[in-house]
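Q: Structure file upload19.txt (compact mmCIF, C-alpha atoms) right here:
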```txt
# COMPACT_ATOMS: atom_id res chain seq x y z
CA MET A 1 0.00 0.00 0.00
CA GLN A 2 1.26 3.51 -0.77
CA LEU A 3 0.41 6.84 0.72
CA ILE A 4 1.53 10.22 -0.63
CA ILE A 5 1.20 13.41 1.39
CA PRO A 6 2.24 17.05 0.87
CA SER A 7 5.23 18.19 2.95
CA VAL A 8 3.11 20.15 5.38
CA LEU A 9 3.41 19.51 9.11
CA GLY A 10 0.21 18.01 10.40
CA TYR A 11 -0.15 15.39 7.70
CA GLU A 12 2.28 13.06 9.48
CA VAL A 13 -0.69 12.32 11.77
CA VAL A 14 -2.66 10.96 8.82
CA VAL A 15 0.22 8.68 7.84
CA ARG A 16 0.59 7.61 11.46
CA ASP A 17 -3.08 6.61 11.64
CA ALA A 18 -3.00 4.87 8.25
CA VAL A 19 -0.02 2.70 9.17
CA ALA A 20 -1.44 2.06 12.66
CA SER A 21 -4.62 0.83 11.01
CA LEU A 22 -2.59 -1.54 8.84
CA ALA A 23 -0.58 -2.69 11.86
CA GLN A 24 -3.79 -3.44 13.73
CA ARG A 25 -5.27 -5.47 10.87
CA TYR A 26 -1.89 -7.21 10.61
CA GLY A 27 -2.29 -8.35 14.19
CA LEU A 28 0.38 -6.44 16.07
CA PRO A 29 -0.44 -6.08 19.78
CA PRO A 30 -1.63 -2.67 21.05
CA ASP A 31 1.64 -1.61 22.68
CA ARG A 32 3.57 -2.43 19.50
CA ILE A 33 1.05 -0.40 17.50
CA GLU A 34 1.85 2.57 19.76
CA ASP A 35 5.54 2.10 18.85
CA VAL A 36 4.64 2.03 15.16
CA LYS A 37 2.74 5.30 15.59
CA THR A 38 5.66 7.01 17.32
CA VAL A 39 8.15 5.81 14.70
CA LEU A 40 5.98 6.87 11.77
CA CYS A 41 5.36 10.29 13.27
CA GLU A 42 9.08 10.86 13.71
CA ALA A 43 10.04 9.51 10.30
CA CYS A 44 7.39 11.55 8.49
CA THR A 45 8.16 14.71 10.44
CA ASN A 46 11.82 14.31 9.46
CA ALA A 47 10.89 13.76 5.84
CA ILE A 48 8.60 16.80 5.81
CA GLU A 49 10.94 19.18 7.65
CA HIS A 50 14.47 18.00 6.91
CA GLY A 51 14.05 15.99 3.75
CA ASN A 52 11.64 18.28 1.93
CA GLY A 53 12.24 21.53 3.81
CA SER A 54 8.49 21.83 4.57
CA ASP A 55 7.91 22.71 0.92
CA PRO A 56 4.21 22.02 0.25
CA HIS A 57 5.02 21.30 -3.40
CA ARG A 58 7.23 18.38 -2.40
CA ARG A 59 5.77 15.09 -1.35
CA VAL A 60 6.48 12.40 1.20
CA ARG A 61 5.86 8.92 -0.12
CA VAL A 62 5.17 6.04 2.26
CA SER A 63 5.18 2.46 1.07
CA CYS A 64 4.00 -0.46 3.26
CA THR A 65 4.43 -4.17 2.62
CA VAL A 66 3.13 -6.99 4.80
CA SER A 67 4.51 -10.52 4.78
CA GLU A 68 4.37 -13.51 7.08
CA GLN A 69 7.45 -12.23 8.92
CA SER A 70 7.07 -8.50 9.10
CA LEU A 71 5.53 -5.18 8.26
CA VAL A 72 7.96 -3.07 6.24
CA VAL A 73 7.43 0.68 5.90
CA GLU A 74 9.54 2.89 3.66
CA VAL A 75 9.35 6.67 3.95
CA TYR A 76 10.72 8.64 1.00
CA ASP A 77 11.34 12.35 0.79
CA GLU A 78 12.21 14.18 -2.43
CA GLY A 79 15.33 15.91 -1.18
CA ARG A 80 16.03 19.59 -0.91
CA LEU A 81 17.75 19.85 -4.23
CA PRO A 82 15.82 20.93 -7.29
CA PRO A 83 14.76 18.04 -9.55
CA THR A 84 17.54 18.78 -12.05
CA LEU A 85 21.17 17.93 -11.35
CA PRO A 86 23.03 20.71 -9.50
CA GLU A 87 25.72 22.60 -11.37
CA LYS A 88 28.32 22.38 -8.65
CA PRO A 89 29.43 19.04 -7.30
CA VAL A 90 27.66 18.30 -4.03
CA LYS A 91 29.36 16.68 -1.09
CA TRP A 92 27.10 14.00 0.33
CA LEU A 93 27.53 13.43 4.01
CA PRO A 94 27.25 9.89 5.30
CA ILE A 95 23.66 9.45 6.25
CA GLN A 96 24.12 7.10 9.17
CA PHE A 97 22.58 8.86 12.21
CA PRO A 98 22.89 12.49 11.12
CA SER A 99 23.38 14.62 14.24
CA HIS A 100 20.68 17.19 13.53
CA HIS A 101 17.98 14.56 13.80
CA GLY A 102 18.74 14.17 17.48
CA ILE A 103 16.35 12.32 19.67
CA GLY A 104 13.86 11.59 16.89
CA LEU A 105 16.15 9.20 15.08
CA LYS A 106 17.21 7.57 18.35
CA LEU A 107 13.53 6.89 19.07
CA ILE A 108 13.02 5.42 15.61
CA VAL A 109 15.95 3.08 16.04
CA ALA A 110 14.94 2.11 19.57
CA LEU A 111 11.34 1.29 18.65
CA SER A 112 11.77 -0.45 15.28
CA ASP A 113 13.04 -4.00 14.80
CA GLU A 114 15.26 -2.94 11.88
CA VAL A 115 16.14 0.49 10.47
CA SER A 116 18.14 1.40 7.42
CA ILE A 117 18.57 4.65 5.55
CA ALA A 118 19.44 5.07 1.91
CA ASN A 119 20.13 8.22 0.01
CA ASP A 120 20.15 9.00 -3.67
CA PRO A 121 21.49 12.44 -4.56
CA ALA A 122 18.89 13.00 -7.25
CA PHE A 123 15.91 11.60 -5.43
CA GLY A 124 16.30 12.18 -1.72
CA THR A 125 16.29 9.95 1.30
CA CYS A 126 14.48 6.75 2.14
CA ILE A 127 14.20 5.38 5.65
CA ARG A 128 13.19 1.74 5.82
CA LEU A 129 11.50 0.48 8.99
CA VAL A 130 10.79 -3.15 9.81
CA PHE A 131 8.38 -4.40 12.47
CA TYR A 132 8.40 -8.13 13.08
CA ARG A 133 5.09 -9.91 13.29
CA ASP A 134 6.41 -12.03 16.14
CA PRO A 135 8.19 -9.76 18.62
CA ARG A 136 10.46 -12.56 19.72
CA SER A 137 11.96 -13.14 16.28
CA GLY A 138 15.21 -11.35 15.48
CA ILE A 139 17.28 -9.03 17.60
CA HIS A 140 16.39 -5.43 18.36
CA THR A 141 18.89 -3.02 16.81
CA SER A 142 20.18 -0.51 19.30
CA MET B 1 -1.12 21.89 -5.69
CA SER B 2 -3.69 23.54 -7.89
CA GLU B 3 -5.82 26.63 -7.46
CA ALA B 4 -9.56 26.24 -7.26
CA ASP B 5 -11.86 29.25 -6.87
CA GLY B 6 -8.94 31.23 -5.46
CA ALA B 7 -8.46 28.75 -2.61
CA THR B 8 -5.58 26.35 -2.49
CA GLU B 9 -6.16 22.65 -2.21
CA GLN B 10 -3.91 19.84 -1.04
CA ILE B 11 -3.99 16.22 -2.02
CA ILE B 12 -3.36 12.95 -0.26
CA GLU B 13 -3.23 9.83 -2.39
CA MET B 14 -3.53 6.18 -1.34
CA ARG B 15 -2.95 3.09 -3.43
CA LEU B 16 -4.37 -0.08 -1.95
CA PRO B 17 -4.16 -3.71 -3.04
CA SER B 18 -7.54 -5.18 -3.94
CA ARG B 19 -7.90 -7.35 -0.89
CA LEU B 20 -10.79 -7.13 1.57
CA GLY B 21 -9.56 -5.65 4.80
CA TYR B 22 -7.78 -2.74 3.14
CA GLU B 23 -11.00 -0.75 3.09
CA ARG B 24 -10.54 -0.38 6.87
CA ILE B 25 -7.25 1.40 6.28
CA ALA B 26 -8.84 3.78 3.79
CA MET B 27 -11.60 4.44 6.33
CA ASP B 28 -9.19 5.11 9.19
CA THR B 29 -6.99 7.35 7.01
CA ALA B 30 -9.94 9.44 5.80
CA ALA B 31 -11.27 9.66 9.37
CA SER B 32 -7.88 10.86 10.63
CA LEU B 33 -7.81 13.56 7.98
CA ALA B 34 -11.43 14.56 8.59
CA ARG B 35 -10.71 14.89 12.34
CA ARG B 36 -7.80 17.18 11.55
CA MET B 37 -10.01 19.25 9.27
CA GLY B 38 -12.53 19.76 12.06
CA PHE B 39 -15.48 17.68 10.89
CA THR B 40 -18.01 16.66 13.56
CA PRO B 41 -17.93 13.08 14.87
CA GLU B 42 -21.22 12.34 13.08
CA ARG B 43 -19.88 13.50 9.71
CA ILE B 44 -16.67 11.54 10.29
CA ASP B 45 -18.66 8.36 10.98
CA ALA B 46 -20.75 8.95 7.86
CA LEU B 47 -17.63 9.49 5.80
CA ARG B 48 -16.04 6.30 7.19
CA THR B 49 -19.03 4.22 6.17
CA ALA B 50 -19.27 5.79 2.71
CA ILE B 51 -15.60 5.37 1.87
CA GLY B 52 -15.68 1.83 3.28
CA GLU B 53 -18.50 0.91 0.91
CA ALA B 54 -16.81 2.61 -2.05
CA VAL B 55 -13.47 0.87 -1.50
CA THR B 56 -15.14 -2.50 -0.85
CA ASN B 57 -17.02 -2.17 -4.15
CA ALA B 58 -13.81 -1.24 -5.94
CA ILE B 59 -12.03 -4.27 -4.45
CA GLU B 60 -14.80 -6.83 -4.98
CA HIS B 61 -16.56 -5.70 -8.13
CA GLY B 62 -14.35 -3.28 -10.04
CA ASN B 63 -11.12 -5.18 -9.46
CA GLN B 64 -12.71 -8.61 -8.93
CA ALA B 65 -10.64 -9.07 -5.74
CA ASP B 66 -7.43 -9.43 -7.74
CA ALA B 67 -4.85 -8.39 -5.14
CA ALA B 68 -2.42 -7.25 -7.83
CA MET B 69 -4.86 -4.58 -8.99
CA LYS B 70 -4.97 -1.27 -7.20
CA VAL B 71 -7.68 0.86 -5.70
CA VAL B 72 -6.67 4.52 -5.84
CA VAL B 73 -8.12 6.87 -3.25
CA VAL B 74 -7.51 10.58 -3.70
CA LEU B 75 -8.40 12.90 -0.82
CA THR B 76 -8.62 16.55 -1.87
CA ILE B 77 -8.53 18.98 1.02
CA ARG B 78 -10.18 22.35 0.51
CA THR B 79 -11.00 24.99 3.10
CA ASP B 80 -14.71 24.20 3.08
CA GLU B 81 -14.93 20.62 1.86
CA LEU B 82 -13.24 17.27 1.53
CA ILE B 83 -13.45 15.45 -1.79
CA ILE B 84 -12.88 11.71 -1.84
CA SER B 85 -12.45 9.86 -5.06
CA VAL B 86 -12.18 6.08 -5.21
CA ALA B 87 -11.13 4.48 -8.47
CA ASP B 88 -10.62 0.88 -9.48
CA GLN B 89 -8.97 -0.50 -12.59
CA GLY B 90 -12.27 -1.44 -14.18
CA ARG B 91 -12.19 -5.23 -14.67
CA LYS B 92 -15.93 -5.16 -14.26
CA VAL B 93 -17.82 -2.05 -15.31
CA LEU B 94 -20.44 -0.78 -12.89
CA ASP B 95 -23.78 -0.30 -14.66
CA PRO B 96 -24.83 3.33 -14.02
CA ALA B 97 -28.44 2.21 -13.51
CA GLN B 98 -27.26 0.22 -10.48
CA THR B 99 -26.15 3.42 -8.81
CA PHE B 100 -29.68 4.82 -8.53
CA LEU B 101 -31.46 1.86 -6.94
CA GLN B 102 -33.52 2.44 -3.78
CA PRO B 103 -33.44 -0.84 -1.88
CA ARG B 104 -36.28 -1.62 0.55
CA ILE B 105 -36.07 -3.99 3.45
CA THR B 106 -39.52 -5.43 2.71
CA ASP B 107 -38.29 -6.39 -0.78
CA ALA B 108 -35.14 -7.87 0.76
CA PHE B 109 -37.27 -10.17 2.94
CA GLN B 110 -38.71 -11.71 -0.24
CA ARG B 111 -35.41 -12.11 -2.08
CA ALA B 112 -32.60 -14.59 -1.54
CA ASP B 113 -30.04 -11.79 -2.00
CA LYS B 114 -30.46 -9.41 0.93
CA GLY B 115 -27.76 -7.04 -0.32
CA GLY B 116 -27.51 -3.98 -2.57
CA TRP B 117 -27.28 -1.39 0.23
CA GLY B 118 -23.74 -0.10 -0.33
CA ILE B 119 -24.22 2.44 -3.11
CA TRP B 120 -27.49 3.64 -1.64
CA LEU B 121 -25.73 4.24 1.70
CA ILE B 122 -23.05 6.29 -0.06
CA ARG B 123 -25.70 8.51 -1.64
CA GLU B 124 -27.58 8.90 1.64
CA LEU B 125 -24.53 9.76 3.71
CA MET B 126 -22.51 12.07 1.44
CA ASP B 127 -23.32 15.63 0.36
CA GLU B 128 -22.47 15.07 -3.30
CA VAL B 129 -21.94 11.76 -5.11
CA GLU B 130 -20.99 11.08 -8.70
CA PHE B 131 -20.28 7.72 -10.35
CA SER B 132 -18.35 7.59 -13.59
CA PHE B 133 -16.32 5.28 -15.76
CA ALA B 134 -13.22 6.19 -17.74
CA PRO B 135 -12.08 3.69 -20.38
CA GLY B 136 -8.41 2.99 -19.76
CA SER B 137 -8.75 3.58 -16.01
CA GLY B 138 -11.94 2.24 -14.47
CA ASN B 139 -14.94 2.89 -12.29
CA GLN B 140 -14.75 5.97 -10.15
CA VAL B 141 -16.93 7.42 -7.43
CA ARG B 142 -16.44 11.00 -6.35
CA MET B 143 -17.87 11.94 -2.94
CA VAL B 144 -17.93 15.35 -1.32
CA VAL B 145 -18.44 16.25 2.34
CA HIS B 146 -19.03 19.89 3.12
CA LEU B 147 -17.29 21.34 6.13
CA GLU B 148 -19.83 23.23 8.18
CA ARG B 149 -18.17 25.84 10.29
CA PRO B 150 -19.94 27.21 13.35
CA PRO B 151 -21.28 30.72 12.63
CA VAL B 152 -18.91 33.51 13.64
CA ILE B 153 -20.49 36.46 15.43
CA LYS B 154 -19.01 39.58 13.88
CA PRO B 155 -18.71 42.71 16.06
CA MET C 1 -3.50 -11.97 6.19
CA LEU C 2 -5.36 -8.94 7.44
CA GLU C 3 -7.37 -9.93 10.47
CA ASP C 4 -11.09 -9.46 10.27
CA GLU C 5 -12.36 -11.55 13.12
CA LEU C 6 -15.75 -11.65 14.70
CA THR C 7 -16.13 -13.60 17.91
CA VAL C 8 -19.58 -14.90 18.74
CA ASN C 9 -20.69 -15.88 22.22
CA ILE C 10 -24.02 -17.37 23.29
CA ARG C 11 -25.47 -16.83 26.77
CA HIS C 12 -28.87 -17.15 28.32
CA ARG C 13 -30.27 -14.56 30.65
CA ASP C 14 -33.80 -14.29 32.05
CA GLY C 15 -35.29 -16.31 29.21
CA VAL C 16 -33.46 -14.34 26.52
CA ALA C 17 -30.86 -15.86 24.20
CA VAL C 18 -28.07 -13.28 24.20
CA ILE C 19 -25.73 -13.52 21.25
CA ASP C 20 -22.61 -11.38 21.76
CA LEU C 21 -21.13 -10.13 18.49
CA ILE C 22 -17.60 -9.03 19.35
CA GLY C 23 -15.77 -7.23 16.53
CA ASP C 24 -16.56 -6.39 12.91
CA VAL C 25 -19.71 -7.45 11.09
CA THR C 26 -18.83 -7.91 7.43
CA THR C 27 -19.18 -10.69 4.86
CA PHE C 28 -16.78 -12.84 6.91
CA ALA C 29 -19.25 -12.86 9.80
CA GLU C 30 -21.97 -14.67 7.90
CA GLU C 31 -21.33 -18.24 8.98
CA LYS C 32 -20.76 -17.41 12.64
CA ILE C 33 -23.87 -15.25 12.96
CA ASN C 34 -26.10 -17.68 11.11
CA ASN C 35 -24.80 -20.63 13.14
CA ALA C 36 -25.42 -18.84 16.42
CA TYR C 37 -28.95 -17.91 15.39
CA ARG C 38 -29.68 -21.48 14.27
CA GLN C 39 -28.25 -22.91 17.48
CA VAL C 40 -30.47 -20.84 19.77
CA THR C 41 -33.51 -21.35 17.53
CA ASP C 42 -33.07 -25.12 17.52
CA LYS C 43 -33.23 -24.93 21.32
CA GLY C 44 -36.52 -23.04 21.10
CA ALA C 45 -35.40 -19.47 21.77
CA ARG C 46 -38.27 -17.00 21.50
CA TYR C 47 -36.46 -13.81 22.54
CA ILE C 48 -33.08 -13.09 20.98
CA LEU C 49 -30.70 -10.23 21.67
CA PHE C 50 -27.76 -9.36 19.43
CA ASN C 51 -25.37 -7.60 21.79
CA PHE C 52 -22.69 -5.71 19.84
CA ARG C 53 -19.33 -5.27 21.58
CA GLN C 54 -16.07 -3.69 20.46
CA ASN C 55 -17.81 -2.82 17.24
CA ASP C 56 -16.93 0.09 15.04
CA TYR C 57 -17.51 -1.50 11.66
CA ILE C 58 -20.70 -2.91 10.18
CA ASN C 59 -20.75 -2.69 6.40
CA SER C 60 -23.53 -3.28 3.87
CA ALA C 61 -22.65 -6.99 3.70
CA GLY C 62 -23.14 -7.16 7.46
CA ILE C 63 -26.48 -5.36 7.09
CA ALA C 64 -27.52 -7.98 4.53
CA ILE C 65 -26.66 -10.78 6.98
CA LEU C 66 -28.76 -9.14 9.70
CA ILE C 67 -31.68 -8.68 7.29
CA GLY C 68 -31.40 -12.41 6.60
CA ILE C 69 -31.68 -13.13 10.31
CA VAL C 70 -34.69 -10.81 10.65
CA THR C 71 -36.36 -12.61 7.73
CA GLU C 72 -36.15 -15.88 9.66
CA VAL C 73 -37.10 -14.25 12.97
CA ASN C 74 -40.28 -12.96 11.33
CA GLN C 75 -41.06 -16.36 9.83
CA ASN C 76 -40.44 -18.15 13.14
CA GLY C 77 -42.49 -15.76 15.27
CA GLN C 78 -39.49 -14.81 17.41
CA ARG C 79 -38.61 -11.36 18.80
CA LEU C 80 -35.24 -9.83 18.08
CA ALA C 81 -33.55 -6.86 19.73
CA VAL C 82 -30.10 -5.29 19.43
CA SER C 83 -27.94 -3.50 21.98
CA GLY C 84 -24.47 -1.93 22.16
CA LEU C 85 -24.60 -0.19 18.79
CA SER C 86 -22.88 3.18 18.43
CA PRO C 87 -25.16 6.15 17.59
CA HIS C 88 -23.86 6.01 14.01
CA PHE C 89 -24.87 2.39 13.50
CA GLN C 90 -28.20 2.92 15.25
CA LYS C 91 -28.76 5.58 12.60
CA ILE C 92 -27.77 3.15 9.83
CA PHE C 93 -30.19 0.54 11.23
CA ARG C 94 -33.00 3.11 11.16
CA MET C 95 -32.13 4.26 7.62
CA VAL C 96 -32.16 0.71 6.31
CA GLY C 97 -35.42 -0.12 8.10
CA LEU C 98 -34.01 -2.74 10.48
CA ALA C 99 -35.18 -0.73 13.50
CA GLN C 100 -38.79 -1.56 12.67
CA TYR C 101 -38.10 -5.28 13.05
CA ALA C 102 -35.42 -5.31 15.73
CA GLU C 103 -35.85 -2.99 18.70
CA ILE C 104 -32.74 -0.95 19.44
CA TYR C 105 -31.55 -0.60 23.04
CA GLN C 106 -28.48 1.20 24.35
CA THR C 107 -27.44 -1.58 26.73
CA GLU C 108 -27.98 -5.28 27.32
CA ASP C 109 -29.70 -4.56 30.68
CA GLU C 110 -32.28 -2.29 29.04
CA ALA C 111 -33.00 -4.94 26.42
CA ILE C 112 -33.41 -7.71 29.00
CA SER C 113 -35.78 -5.54 31.08
CA ALA C 114 -37.86 -4.82 28.01
CA PHE C 115 -38.06 -8.51 27.10
CA LYS C 116 -39.12 -9.33 30.68
CA ARG C 117 -41.95 -6.82 30.45
CA LEU C 118 -43.05 -8.48 27.20
CA ASN C 119 -42.94 -11.87 28.83
CA THR C 120 -45.18 -10.84 31.72
CA ILE C 121 -47.70 -9.30 29.33
CA ASN C 122 -47.74 -12.52 27.32
```
Can you present the structure in this file as structure tokens?
A:
Amino acid sequence: MQLIIPSVLGYEVVVRDAVASLAQRYGLPPDRIEDVKTVLCEACTNAIEHGNGSDPHRRVRVSCTVSEQSLVVEVYDEGRLPPTLPEKPVKWLPIQFPSHHGIGLKLIVALSDEVSIANDPAFGTCIRLVFYRDPRSGIHTS
Amino acid sequence: MSEADGATEQIIEMRLPSRLGYERIAMDTAASLARRMGFTPERIDALRTAIGEAVTNAIEHGNQADAAMKVVVVLTIRTDELIISVADQGRKVLDPAQTFLQPRITDAFQRADKGGWGIWLIRELMDEVEFSFAPGSGNQVRMVVHLERPPVIKP
Amino acid sequence: MLEDELTVNIRHRDGVAVIDLIGDVTTFAEEKINNAYRQVTDKGARYILFNFRQNDYINSAGIAILIGIVTEVNQNGQRLAVSGLSPHFQKIFRMVGLAQYAEIYQTEDEAISAFKRLNTIN
């Protein structure tokens, strides 16, 4: 399932509730659903504010996939750069735990079963979140 | 974003697999948005039921429950209304005549098939309803809920 | 994979067959609801209460199932009532016409009291 929202603060709540609804139908227990809601709020807020610079013309794309093992949610922003390639070479910082995200990213990592971040200079950032169906499977990343 | 009557509008789009159960997610998403927009609880409940019926029809009839096919829900947010459009990929075309039926419970008692209430409920619960079919895309229902604001007393 | 479970529970209280419907009432509920109705009817139930719990979703397929039950209730000379519905679904029941054939009560206790009054009159 995919969800696309404008990069306007406030809409992260709609994404949160959409993914929580999916998590509930998927059968995650109530306290785990609360974790999903917190993680999605943080990830979408980051995408809106940092990824897309709160530009209402840019969009945040959320893609959810359910399987026997897990619920996977990917949150894509469109990046701050204009859609065309920049004229000057851009220095891409490593994206592992960028410091300006602060406590939000720590929360995401603490509450998700797996987290990975990918970045494409032309297209922006994607944060991939995995929630196991069975909480006992796998090891929590910390 | 596009301009409409001088007011800006914003759009949220959902793409759902055609599997029963996903209508609940469309319902909860629309309800979340409607709450944020300031609709009353009664209007939110009405909207949940209407969108649930529309997405269920799109899954079961329009897309013949083929999970690979998508139901596309577009929520258009305006200052004084919310527009919800639900589109399937048109495996089975919805006969326009079917969208104007007025089911009666006394008739249902006589028939083996007790159903046929979904589209009627959509029309009863929403402020504006329009069914259409676009070759190349599919069946579409466009529903509008007006946002009633409490009257403002001007000095 | 997406859960859509209805749990059905049968109890007897003051001569009323109380059927708890816990969860969503959609097409997937058909067998469970029909089985519960048949079970209490086979045992001679005259007063039946559908008590909705943890319900925030009844769709048109669920309405069709309930109309099917009402059809049989009418044929069998039984009395059916419902309780525990949210205001929204009480409204839907009235719109569809179900309220004329199944009395709507806010709570199970109210429904049972009403059935008891019926019983003493009869």
Q: Around the point (-31.0, 0.0, 22.7) in the file's coordinates, collect all residues with an atom within 8 Å, using only C-alpha atoms, and return them as a short mmCIF file (atom, residue, chain, number, x, y, z; two decimals) with C-alpha atoms, in the coordinates of the input.
A:
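Dumped everything to part.cif:
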```
data_model
loop_
_atom_site.label_atom_id
_atom_site.label_comp_id
_atom_site.auth_asym_id
_atom_site.auth_seq_id
_atom_site.Cartn_x
_atom_site.Cartn_y
_atom_site.Cartn_z
CA ALA C 81 -33.55 -6.86 19.73
CA VAL C 82 -30.10 -5.29 19.43
CA SER C 83 -27.94 -3.50 21.98
CA GLY C 84 -24.47 -1.93 22.16
CA LEU C 85 -24.60 -0.19 18.79
CA GLU C 103 -35.85 -2.99 18.70
CA ILE C 104 -32.74 -0.95 19.44
CA TYR C 105 -31.55 -0.60 23.04
CA GLN C 106 -28.48 1.20 24.35
CA THR C 107 -27.44 -1.58 26.73
CA GLU C 108 -27.98 -5.28 27.32
CA GLU C 110 -32.28 -2.29 29.04
CA ALA C 111 -33.00 -4.94 26.42
#
```
Q: Restrict the distance test to all atoms listed in the file, flag each residue of chain C within 7 Å of chain B, and return the flagged residues as a VMD selection string.
A: chain C and resid 2 4 59 to 61 64 67 to 68 71 88 96 to 97
Q: Would you tabulate, counting only C-alpha atoms, all residues of chain A that have an atom at most 10 Å from an atom of chain C, showing the closest pair of atoms and their distance in Å to one decimal, sorted by chain then ascending number, as JSON lines?
A:
```
{"residue": "A:Leu22", "atom": "CA", "partner": "C:Leu2", "partner_atom": "CA", "distance": 8.0}
{"residue": "A:Ala23", "atom": "CA", "partner": "C:Leu2", "partner_atom": "CA", "distance": 9.0}
{"residue": "A:Gln24", "atom": "CA", "partner": "C:Glu3", "partner_atom": "CA", "distance": 8.1}
{"residue": "A:Arg25", "atom": "CA", "partner": "C:Leu2", "partner_atom": "CA", "distance": 4.9}
{"residue": "A:Tyr26", "atom": "CA", "partner": "C:Leu2", "partner_atom": "CA", "distance": 5.0}
{"residue": "A:Gly27", "atom": "CA", "partner": "C:Glu3", "partner_atom": "CA", "distance": 6.5}
{"residue": "A:Val66", "atom": "CA", "partner": "C:Met1", "partner_atom": "CA", "distance": 8.4}
{"residue": "A:Ser67", "atom": "CA", "partner": "C:Met1", "partner_atom": "CA", "distance": 8.3}
{"residue": "A:Glu68", "atom": "CA", "partner": "C:Met1", "partner_atom": "CA", "distance": 8.1}
```
Q: Can you pull out the residues contacting segment 9-16 of chain C? Cut-off 7 Å, using only C-alpha atoms, and skip same-chain residues under 5 positions away; I want them as a PyMOL selection string.
A: chain C and resi 21+47-49
Q: Set the cut-off to 10 Å and count all atoms listed in the file: what are the residues of chain A that reach chain B? Output as a PyMOL selection string.
A: chain A and resi 1-6+8+10-11+13-26+56-64
Q: Using all atoms listed in the file, which residues sit within 6 Å of segment 24-37 of chain C once same-chain residues fewer than 4 positions away are excluded, as a PyMOL selection string?
A: chain C and resi 6+55+57-59+61-62
Q: Just checking: using all atoms listed in the file, which residue out of B:Val152, B:Thr8, B:Ser132, B:Met126 ends up closest to Ile83 of chain B?
A: B:Met126
Q: Of the residues A:Glu78, A:Asp120, A:Glu114, A:Glu12, which is the one nearest to Ala43 of chain A, using all atoms listed in the file?
A: A:Glu12
Q: What is the distance, in Å and to one decimal place, between atom CA of Gly136 of chain B and atom CA of Ala87 of chain B?
A: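 Separation between atom CA of Gly136 of chain B and atom CA of Ala87 of chain B: 11.7 Å.
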